[in-house]
Each structure stands twice: as structure tokens, then as C-alpha cells.
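Peer 1: Input structure: my_file_7.txt, which contains compact mmCIF, C-alpha atoms.
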```txt
# COMPACT_ATOMS: atom_id res chain seq x y z
CA SER P 1 96.08 111.44 198.05
CA PHE P 2 95.66 114.59 200.13
CA LYS P 3 92.47 116.54 199.58
CA MET P 4 91.79 119.87 201.25
CA LEU P 5 87.97 119.76 201.28
CA PRO P 6 87.68 116.73 203.62
CA LEU P 7 90.25 118.32 205.94
CA ILE P 8 88.26 121.56 206.05
CA TYR P 9 85.02 119.64 206.61
CA ALA P 10 86.55 117.58 209.42
CA CYS P 11 88.01 120.63 211.18
CA THR P 12 84.74 122.56 210.85
CA TRP P 13 82.65 119.66 212.14
CA GLN P 14 85.06 119.11 215.05
CA CYS P 15 85.01 122.82 215.97
CA VAL P 16 81.21 122.94 216.09
CA ALA P 17 80.66 119.60 217.84
CA GLU P 18 83.50 120.13 220.33
CA TYR P 19 82.18 123.57 221.30
CA TYR P 20 78.77 122.20 222.30
CA TRP P 21 80.33 119.14 223.96
CA HIS P 22 82.64 121.38 225.98
CA ARG P 23 79.74 123.65 227.00
CA LEU P 24 77.85 120.52 228.12
CA MET P 25 80.86 119.51 230.22
CA HIS P 26 80.45 122.81 232.11
CA TRP P 27 76.87 122.19 233.23
CA PRO P 28 77.20 122.05 237.03
CA ALA P 29 76.22 118.38 237.59
CA ILE P 30 78.36 117.17 234.68
CA TYR P 31 81.26 119.45 235.53
CA LYS P 32 81.37 118.21 239.12
CA ARG P 33 81.38 114.54 238.10
CA LEU P 34 83.47 114.62 234.90
CA HIS P 35 85.13 117.80 233.66
CA LYS P 36 86.40 119.17 236.98
CA LEU P 37 89.29 116.71 236.70
CA HIS P 38 90.52 118.52 233.57
CA HIS P 39 90.31 121.90 235.32
CA HIS P 40 92.32 120.74 238.32
CA TYR P 41 95.27 122.73 237.00
CA LYS P 42 94.49 126.41 236.44
CA ALA P 43 97.68 126.90 234.43
CA PRO P 44 97.57 124.03 231.92
CA GLU P 45 100.75 122.20 231.03
CA PRO P 46 101.66 119.95 228.09
CA PHE P 47 99.54 116.81 227.86
CA ASP P 48 96.89 118.14 230.30
CA ASP P 49 94.73 117.82 227.19
CA LEU P 50 94.66 114.10 228.01
CA PHE P 51 93.90 114.67 231.70
CA ILE P 52 90.16 113.98 231.42
CA HIS P 53 87.60 111.62 232.93
CA PRO P 54 87.14 108.39 230.89
CA LEU P 55 83.46 109.16 230.16
CA GLU P 56 84.39 112.61 228.90
CA ALA P 57 87.11 111.00 226.79
CA ILE P 58 84.57 108.70 225.11
CA GLY P 59 82.51 111.69 223.96
CA TYR P 60 85.56 113.66 222.92
CA TYR P 61 87.03 110.81 220.89
CA CYS P 62 83.67 110.08 219.24
CA ILE P 63 83.69 113.69 218.02
CA LEU P 64 87.36 113.54 217.05
CA PHE P 65 87.04 110.38 214.95
CA SER P 66 83.51 111.00 213.60
CA PRO P 67 84.57 112.73 210.35
CA VAL P 68 85.90 109.41 209.10
CA VAL P 69 82.46 107.88 209.65
CA LEU P 70 80.50 110.86 208.33
CA VAL P 71 82.51 111.38 205.13
CA SER P 72 82.58 108.45 202.74
CA ASP P 73 85.99 107.77 201.25
CA PHE P 74 87.78 110.14 203.62
CA PRO P 75 91.35 110.25 202.21
CA ILE P 76 93.80 108.73 204.69
CA VAL P 77 96.36 111.51 204.12
CA SER P 78 93.69 114.13 204.86
CA PHE P 79 92.73 112.21 208.00
CA PHE P 80 96.36 112.18 209.19
CA ALA P 81 96.60 115.92 208.49
CA TYR P 82 93.39 116.48 210.51
CA MET P 83 94.65 114.37 213.43
CA THR P 84 98.00 116.20 213.35
CA VAL P 85 96.29 119.61 213.52
CA MET P 86 94.01 118.50 216.37
CA GLY P 87 96.83 116.81 218.31
CA LEU P 88 99.25 119.70 217.99
CA CYS P 89 96.60 122.25 218.94
CA GLY P 90 95.57 120.16 221.96
CA VAL P 91 99.14 120.02 223.26
CA CYS P 92 99.85 123.68 222.43
CA ASP P 93 96.63 124.78 224.17
CA HIS P 94 98.01 123.31 227.39
CA SER P 95 101.66 124.23 227.09
CA GLY P 96 102.14 127.94 227.69
CA VAL P 97 103.85 128.44 224.32
CA SER P 98 103.11 131.40 222.08
CA LEU P 99 101.66 129.89 218.93
CA ARG P 100 99.31 132.07 216.94
CA VAL P 101 97.70 132.12 213.51
CA PRO P 102 96.04 135.57 213.31
CA TRP P 103 92.22 135.51 213.34
CA ILE P 104 92.20 131.70 213.51
CA TYR P 105 94.16 130.24 216.43
CA ASN P 106 95.98 131.38 219.54
CA ALA P 107 97.25 128.75 221.98
CA ALA P 108 96.91 131.27 224.82
CA ASP P 109 93.11 131.39 224.39
CA HIS P 110 92.73 128.10 226.25
CA ASP P 111 94.73 129.49 229.19
CA ILE P 112 91.89 132.02 229.55
CA HIS P 113 89.43 129.14 229.71
CA HIS P 114 91.32 127.47 232.55
CA GLU P 115 91.63 130.76 234.43
CA LEU P 116 88.22 132.35 233.84
CA PHE P 117 86.19 129.14 233.28
CA HIS P 118 83.16 130.57 231.44
CA TYR P 119 85.03 131.72 228.35
CA ASN P 120 86.86 130.22 225.38
CA PHE P 121 85.24 126.81 225.08
CA ALA P 122 86.05 126.50 221.37
CA PHE P 123 88.81 124.27 220.03
CA PRO P 124 90.94 124.95 218.13
CA VAL P 125 89.36 127.83 216.17
CA VAL P 126 87.60 130.62 218.14
CA ALA P 127 84.70 131.09 215.70
CA MET P 128 82.12 129.32 217.90
CA ASP P 129 83.12 131.41 220.93
CA ILE P 130 82.77 134.59 218.90
CA LEU P 131 79.38 133.43 217.59
CA HIS P 132 78.10 132.67 221.12
CA GLY P 133 79.70 135.63 222.92
CA THR P 134 82.03 133.46 225.01
CA TYR P 135 85.32 134.63 223.50
CA ARG P 136 87.86 136.53 225.59
CA PRO P 137 91.15 137.43 223.88
CA ALA P 138 94.44 136.19 225.29
CA SER P 139 95.28 139.76 226.31
CA THR P 140 92.84 139.30 229.23
CA LYS P 141 94.75 136.36 230.61
CA LEU P 142 95.77 136.41 234.24
CA ALA P 143 98.86 134.24 234.17
CA ASN P 144 101.88 135.18 232.13
CA PHE P 145 102.93 132.16 230.10
CA ASN P 146 105.42 132.38 227.28
CA ASP P 147 107.94 130.31 225.35
CA GLU P 148 110.58 130.72 228.08
CA ASN P 149 108.61 128.75 230.65
CA ALA P 150 107.25 126.11 228.24
CA ALA P 151 110.26 123.81 228.79
CA GLU P 152 109.81 124.15 232.55
CA GLY P 153 106.13 123.27 232.11
CA VAL P 154 107.09 120.07 230.28
CA LYS P 155 109.44 119.12 233.14
CA ARG P 156 106.72 119.78 235.75
CA THR P 157 104.24 117.69 233.79
CA LEU P 158 106.61 114.73 233.45
CA ASN P 159 107.59 114.90 237.14
CA ARG P 160 104.04 115.47 238.47
CA LYS P 161 102.97 113.06 241.21
CA PRO P 162 99.31 111.95 241.38
CA GLU P 163 97.43 113.58 244.25
```
Would you write out, as C-alpha cells, the structure that this file holds?
Peer 2:
Amino acid sequence: SFKMLPLIYACTWQCVAEYYWHRLMHWPAIYKRLHKLHHHYKAPEPFDDLFIHPLEAIGYYCILFSPVVLVSDFPIVSFFAYMTVMGLCGVCDHSGVSLRVPWIYNAADHDIHHELFHYNFAFPVVAMDILHGTYRPASTKLANFNDENAAEGVKRTLNRKPE
């Protein structure tokens, strides 16, 4: 059965661990060898969340799936809810759509990260960025993405040729 506490625990753990993992990916030597691939596109598009180096992916997926290992008897329904939240936020963060839950989540925050690089490392909740002084609100974003160009972004992503 669905239980809220494991879902909250999993999301909190993921937010904290992912923040520090993402900051690590921006250390110059690591960025150059691993994370730069993800930042190839300054205006992220749907499924760019998956456009990462395999070694970075190993760390990311260890964080993503770790709540199941860390919490004994993690309810399967709560795990599916957690994976749904993380998956949808990952796609929305790279899609240009306007999806916002006040004080908790704004898909446009990750656009700032791709444009300004040293801000908005947190995923999906901004609490860790606020705590560490690395948060910049979506109102500071340089590009102007909205729901109208989201469908065009999906088309560009699906038709993109490898460079």
C-alpha cells in the first residue's frame, strides 16, 4: 500500500545527495571529462536529462535507487510514486514548459543552471540551493521558454543528429 513517509524520505534523501553529486560534477576536472556532455545544450530540451556520460549516470542512478536499499520494506507503490515524481521533474526540467509548484518546484529553474552554470544545482526541490546560496529564481533566466515552444523542443530533440 502507498505510504507517504517513505516517499518523503526518498525525495528528501535524493534532493540532498543529488545536490552534492551535481556540485561534484561541476569541479573543473570532473566537469571537463564527464558533465560537460550534459551541458552541451544551453537551452535544454526534453530527454536531455538522459544526455549524460555513463560514469555520471552510474552515480546518478545509485542515488536515484538508493532509497530502496536504505529503507527496509520500502512500499512498492511509494517507490513508483517516487520514481514518477523524479522522472517527470527530470523531463520537465529540460523541456521549456511552465510547470510550477510555489515554493517547491519550478521547471524553469534548471534552465538557469544550463545558462548561468554556477546556480541551481538542486533537483527537483530548490531547498539545497537556497541553503548554499546557489539559487537564482527563474525570473533571471536569459532564454524565454514557455509552453508554446515545448512541442517544438520535443520535435528538435527527436530529430537531433549526433555531432
Peer 1: Rounded to one decimal, what separation in Å do you get between atom CA of Leu5 of chain P and atom CA of Phe74 of chain P?
Peer 2: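 Separating atom CA of Leu5 of chain P from atom CA of Phe74 of chain P is a distance of 9.9 Å.
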Peer 1: Closest to Glu18 of chain P among P:Ala122, P:Ile30, P:Leu131, P:Cys89, using only C-alpha atoms?
Peer 2: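 Among the listed residues, the smallest separation from Glu18 of chain P belongs to P:Ala122.
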Peer 1: Provide the atom CA of Val125 of chain P to atom CA of Val91 of chain P distance in Å, to one decimal place.
Peer 2: 14.4 Å
Peer 1: With all atoms listed in the file as the basis for distance, which of P:His94, P:Lys3, P:Arg100, P:His118 is at the shortest distance from Pro28 of chain P?
Peer 2: P:His118
Peer 1: Can you measure atom CA of Ile104 of chain P to atom CA of Pro124 of chain P for me? One decimal in Å is fine.
Peer 2: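 Going from atom CA of Ile104 of chain P over to atom CA of Pro124 of chain P covers 8.3 Å.
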Peer 1: Between P:Tyr135, P:Ala81, P:Ala108, P:His40, which residue has the minimum interatomic distance to Asn120 of chain P, considering only C-alpha atoms?
Peer 2: P:Tyr135
Peer 1: So which one's closest to Ala10 of chain P, P:Val68, P:Leu37, P:Leu24, P:Cys62? Using all atoms listed in the file, please.
Peer 2: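 Once distances to Ala10 of chain P are computed over all atoms listed in the file, the minimum belongs to P:Val68.
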Peer 1: Which of these, P:His110, P:Pro54, P:His39, P:Trp21, has the shortest distance to Ser98 of chain P once you count only C-alpha atoms?
Peer 2: P:His110
